[in-house]
Amino acid sequence: MKKLSRNPDLVWRDEPEEREVILNALMSGDESAADKGWVIIIDKGSMHQLNLLAGEIWLLLDGTLDEAGVANDLVERYDAPFEEIIEDVREFIAECDEKGWLA
Amino acid sequence: MKLSAPLTVNWTLSYACNFSCRHCYSRDIEKEELALEENLKVVDALSQARIAFVNFGGGEPLLYRHLFEVTEHATKKGLKVTMNSNGWLIDEEAASNCAKAGFRSVGISIDGADAPTHDGFRDRPGSYDRAHLALKNLCAAGVPTTVSTVIFKGNVTRYKEIVSQAADSGAGTVYLHNFKCSGRGMENREELDLSPSEWRDFYEDALAWRDDAPCALAFDDPVIALLGEESAAAVKGSTCGKLSLHLEPDGDATPCGFIPLSLGNILTDGLKKIWNDSDVLNQMRNKEATGKCVGCSVYGECLGGCTARALATTGSFNAPDPHCWKE
């Protein structure tokens, strides 16, 4: 399978402190926190925010992993079923591809 | 989302200028300039804070003699560097130097569809022709260009011609800027600024035309939210102090160029402290509705509009934007 890389021309920044805030909120039972942004992408003059899972996937797109590799990494870290995670990964990757966010 | 640092730093390396524009916010400001070595340290601090964009303004950036050295250092550090210039000094050689230094794009100010309008507003005969020549020189050198147009009474009826001419000269985007009431902009406000209803009419017309315009149009006015326009910045209200910060030639930080309130110095106080601990920024990020904003159905979208304009005209961050047309 194809290794996945971010478009190097895209400007983005992750906010680790915001990620911690989201994780702490989730630990406290606030499930809506998973929708909050912690990675910013600037594309064509517009600013996009990625939520917890999308942001985690985005940071893994460094050219070393394919879709299954990304999903496996998240399965280990979040103790979630592979079948669920791979669907989310595929969906987000398709969205990134459509927007030109991948190399 | 609270950012750990600004995404954009608007950096005035020098307030020196070869023009004397009628709306200029900074023409009468004097500040010591940092030495080159200190400005390179500022770049290092911006890089360390993971600032994405640096935009040189002024003053005229090309009058700062180390502009290209600072730019090269910044681009090597991964910062995306742009500049706003009046274009007067951008001949073929300067355009080539812009390309070599790594400018991501260069913006040229053009405020009229003809020479008398632009040259009168900028108080510099020949500046209209030189501005369009600068665009062409930059294009020839391979530097992407934009045009910045301040909308005022003298050009509002012909802004589409300005956009078309800019596109013909190679500009990819025209920024249709709102009028700021700072510095000379405040002194000449009665003569230059549009009324609230005129602003509404302009924005309605420009938004309707946007898809047919010969190049991209960009707007930076929070009051545009009154027309249901979503902010490209994904934050409500002014972006100053939320996504961006302004640096003065001596390293002092202000929320934006139009708000002359020092928040601290980047070299002595550090960016993190300024960004996280400033009472001024805290007030700007947590505005409270006052006056006609209280109970307004769209306050949640515009957050009172442009904070700089409200502060300049009333002395309060929380006052309604004087450009707001809602009753």
# chains A, B, ... in the order shown; residues from 1 in each chain; ligands from 1

call {"tool": "interface_residues", "arguments": {"of": "chain A", "to": "chain B", "cutoff": "9 Å", "atoms": "only C-alpha atoms", "output": "list of chain:residue names"}}
result
A:Val11, A:Trp12, A:Arg13, A:Glu15, A:Pro16, A:Glu17, A:Glu18, A:Lys36, A:Gly37, A:Trp38, A:Ile42, A:Gly45, A:Ser46, A:Met47, A:His48, A:Gln49

call {"tool": "write_last_selection", "arguments": {"atoms": "all heavy atoms", "output": "short mmCIF file (atom, residue, chain, number, x, y, z; two decimals), in the first residue's frame"}}
result
data_model
loop_
_atom_site.label_atom_id
_atom_site.label_comp_id
_atom_site.auth_asym_id
_atom_site.auth_seq_id
_atom_site.Cartn_x
_atom_site.Cartn_y
_atom_site.Cartn_z
N VAL A 11 0.82 24.81 4.84
CA VAL A 11 1.25 25.36 6.12
C VAL A 11 0.34 24.81 7.21
O VAL A 11 -0.88 24.91 7.11
CB VAL A 11 1.19 26.91 6.11
CG1 VAL A 11 1.56 27.47 7.47
CG2 VAL A 11 2.12 27.46 5.03
N TRP A 12 0.94 24.24 8.23
CA TRP A 12 0.13 23.69 9.33
C TRP A 12 0.90 23.76 10.63
O TRP A 12 2.11 23.93 10.64
CB TRP A 12 -0.28 22.24 9.02
CG TRP A 12 0.88 21.28 8.96
CD1 TRP A 12 1.69 21.06 7.88
CD2 TRP A 12 1.36 20.44 10.01
NE1 TRP A 12 2.64 20.13 8.20
CE2 TRP A 12 2.46 19.73 9.49
CE3 TRP A 12 0.97 20.21 11.32
CZ2 TRP A 12 3.18 18.81 10.24
CZ3 TRP A 12 1.67 19.29 12.09
CH2 TRP A 12 2.76 18.59 11.55
N ARG A 13 0.17 23.67 11.71
CA ARG A 13 0.81 23.65 13.04
C ARG A 13 -0.08 22.89 14.01
O ARG A 13 -1.29 23.08 14.01
CB ARG A 13 1.02 25.08 13.54
CG ARG A 13 1.86 25.14 14.81
CD ARG A 13 2.24 26.58 15.14
NE ARG A 13 1.20 27.25 15.90
CZ ARG A 13 1.15 28.56 16.10
NH1 ARG A 13 2.07 29.34 15.56
NH2 ARG A 13 0.19 29.10 16.80
N GLU A 15 -1.05 21.94 18.01
CA GLU A 15 -1.06 22.64 19.30
C GLU A 15 -1.14 21.58 20.41
O GLU A 15 -2.23 21.22 20.88
CB GLU A 15 -2.27 23.59 19.38
CG GLU A 15 -2.22 24.76 18.42
CD GLU A 15 -1.20 25.82 18.82
OE1 GLU A 15 -0.75 25.81 19.99
OE2 GLU A 15 -0.84 26.64 17.96
N PRO A 16 0.02 21.07 20.83
CA PRO A 16 0.03 19.98 21.81
C PRO A 16 -0.71 20.29 23.11
O PRO A 16 -1.34 19.41 23.71
CB PRO A 16 1.53 19.77 22.08
CG PRO A 16 2.21 20.28 20.86
CD PRO A 16 1.37 21.42 20.38
N GLU A 17 -0.65 21.56 23.55
CA GLU A 17 -1.34 21.91 24.80
C GLU A 17 -2.86 21.77 24.64
O GLU A 17 -3.56 21.35 25.57
CB GLU A 17 -0.98 23.33 25.24
CG GLU A 17 0.43 23.43 25.78
CD GLU A 17 0.80 24.84 26.19
OE1 GLU A 17 -0.11 25.68 26.34
OE2 GLU A 17 2.00 25.11 26.32
N GLU A 18 -3.35 22.13 23.47
CA GLU A 18 -4.79 21.98 23.21
C GLU A 18 -5.18 20.50 23.17
O GLU A 18 -6.26 20.10 23.60
CB GLU A 18 -5.17 22.67 21.90
CG GLU A 18 -5.24 24.17 21.99
CD GLU A 18 -6.28 24.66 22.99
OE1 GLU A 18 -7.48 24.40 22.79
OE2 GLU A 18 -5.89 25.29 23.99
N LYS A 36 -13.20 19.06 19.14
CA LYS A 36 -12.47 20.33 19.20
C LYS A 36 -11.15 20.23 18.44
O LYS A 36 -10.53 19.18 18.38
CB LYS A 36 -12.21 20.72 20.66
CG LYS A 36 -13.50 21.10 21.38
CD LYS A 36 -13.24 21.50 22.80
CE LYS A 36 -14.54 21.95 23.46
NZ LYS A 36 -14.42 22.05 24.92
N GLY A 37 -10.75 21.36 17.88
CA GLY A 37 -9.55 21.36 17.04
C GLY A 37 -8.27 21.48 17.83
O GLY A 37 -8.22 22.10 18.89
N TRP A 38 -7.21 20.88 17.30
CA TRP A 38 -5.87 21.05 17.90
C TRP A 38 -4.76 21.08 16.84
O TRP A 38 -3.61 21.31 17.15
CB TRP A 38 -5.59 19.97 18.95
CG TRP A 38 -5.34 18.59 18.39
CD1 TRP A 38 -6.27 17.73 17.91
CD2 TRP A 38 -4.07 17.94 18.25
NE1 TRP A 38 -5.68 16.57 17.49
CE2 TRP A 38 -4.32 16.67 17.69
CE3 TRP A 38 -2.76 18.29 18.55
CZ2 TRP A 38 -3.31 15.75 17.41
CZ3 TRP A 38 -1.75 17.38 18.29
CH2 TRP A 38 -2.02 16.13 17.73
N ILE A 42 -3.54 25.83 7.06
CA ILE A 42 -3.87 27.01 6.27
C ILE A 42 -3.82 26.62 4.80
O ILE A 42 -2.76 26.23 4.29
CB ILE A 42 -2.87 28.16 6.50
CG1 ILE A 42 -2.58 28.36 7.98
CG2 ILE A 42 -3.36 29.45 5.83
CD1 ILE A 42 -3.68 28.93 8.78
N GLY A 45 -5.66 30.50 1.83
CA GLY A 45 -6.14 31.65 2.60
C GLY A 45 -7.17 31.33 3.66
O GLY A 45 -7.61 32.21 4.38
N SER A 46 -7.56 30.07 3.76
CA SER A 46 -8.53 29.69 4.78
C SER A 46 -7.87 28.82 5.85
O SER A 46 -6.94 28.07 5.57
CB SER A 46 -9.70 28.91 4.17
OG SER A 46 -10.45 29.75 3.35
N MET A 47 -8.39 28.97 7.05
CA MET A 47 -7.84 28.22 8.18
C MET A 47 -8.78 27.06 8.53
O MET A 47 -9.97 27.26 8.70
CB MET A 47 -7.72 29.17 9.36
CG MET A 47 -7.15 28.57 10.60
SD MET A 47 -6.93 29.87 11.83
CE MET A 47 -7.26 28.94 13.32
N HIS A 48 -8.23 25.87 8.59
CA HIS A 48 -9.00 24.68 8.94
C HIS A 48 -8.49 24.12 10.26
O HIS A 48 -7.30 24.14 10.52
CB HIS A 48 -8.86 23.61 7.85
CG HIS A 48 -9.23 24.10 6.49
ND1 HIS A 48 -10.46 23.88 5.92
CD2 HIS A 48 -8.52 24.82 5.59
CE1 HIS A 48 -10.49 24.45 4.71
NE2 HIS A 48 -9.33 25.02 4.49
N GLN A 49 -9.41 23.61 11.06
CA GLN A 49 -9.01 22.97 12.31
C GLN A 49 -9.33 21.49 12.25
O GLN A 49 -10.42 21.11 11.82
CB GLN A 49 -9.76 23.60 13.49
CG GLN A 49 -9.44 25.08 13.70
CD GLN A 49 -10.09 25.63 14.96
OE1 GLN A 49 -10.16 24.96 15.98
NE2 GLN A 49 -10.55 26.87 14.89
#

call {"tool": "select_by_dssp", "arguments": {"residues": "segment 14-230 of chain B", "states": "helix (DSSP H, G or I)", "output": "ChimeraX atom specification"}}
result
/B:36-48,61-63,67-76,92-101,115-122,127-140,156-168,184-187,189-192,196-212,222-227

call {"tool": "residues_around", "arguments": {"residues": "Thr12 of chain B", "least_positions_apart": "4", "cutoff": "6 Å", "atoms": "only C-alpha atoms", "output": "PyMOL selection string"}}
result
chain B and resi 56-58+247-249

call {"tool": "write_last_selection", "arguments": {"atoms": "N, CA, C and O atoms", "output": "compact mmCIF listing (two decimals), in the first residue's frame"}}
result
# COMPACT_ATOMS: atom_id res chain seq x y z
N PHE B 56 6.13 41.65 6.29
CA PHE B 56 6.77 42.94 6.53
C PHE B 56 5.89 44.06 6.00
O PHE B 56 5.43 44.03 4.85
N GLY B 57 5.67 45.05 6.88
CA GLY B 57 4.91 46.23 6.47
C GLY B 57 5.68 47.46 6.91
O GLY B 57 6.90 47.43 7.07
N GLY B 58 4.98 48.52 7.15
CA GLY B 58 5.77 49.67 7.59
C GLY B 58 4.93 50.91 7.73
O GLY B 58 3.75 50.84 8.02
N LEU B 247 4.84 43.57 15.31
CA LEU B 247 6.11 43.97 15.91
C LEU B 247 6.54 45.32 15.37
O LEU B 247 6.48 45.56 14.16
N GLU B 248 7.01 46.18 16.26
CA GLU B 248 7.52 47.49 15.86
C GLU B 248 9.03 47.40 15.63
O GLU B 248 9.67 46.42 15.99
N PRO B 249 9.62 48.44 15.04
CA PRO B 249 11.05 48.38 14.71
C PRO B 249 11.97 48.13 15.90
O PRO B 249 13.06 47.61 15.74

call {"tool": "atom_distance", "arguments": {"atom1": "atom CA of Tyr25 of chain B", "atom2": "atom CA of Lys287 of chain B"}}
result
23.6 Å

call {"tool": "residues_around", "arguments": {"residues": "Met1 of chain A", "least_positions_apart": "3", "cutoff": "12 Å", "atoms": "only C-alpha atoms", "output": "JSON, numbers by chain"}}
result
{"A": [4, 63, 64, 65, 66, 67, 68, 69, 70]}

call {"tool": "residues_around", "arguments": {"residues": "Leu61 of chain A", "least_positions_apart": "6", "cutoff": "12 Å", "atoms": "only C-alpha atoms", "output": "PyMOL selection string"}}
result
chain A and resi 2-8+54-55+67-71+73+89+92-93+96+101-103

call {"tool": "atom_distance", "arguments": {"atom1": "atom CA of Glu31 of chain A", "atom2": "atom CA of Asp88 of chain A"}}
result
16.9 Å
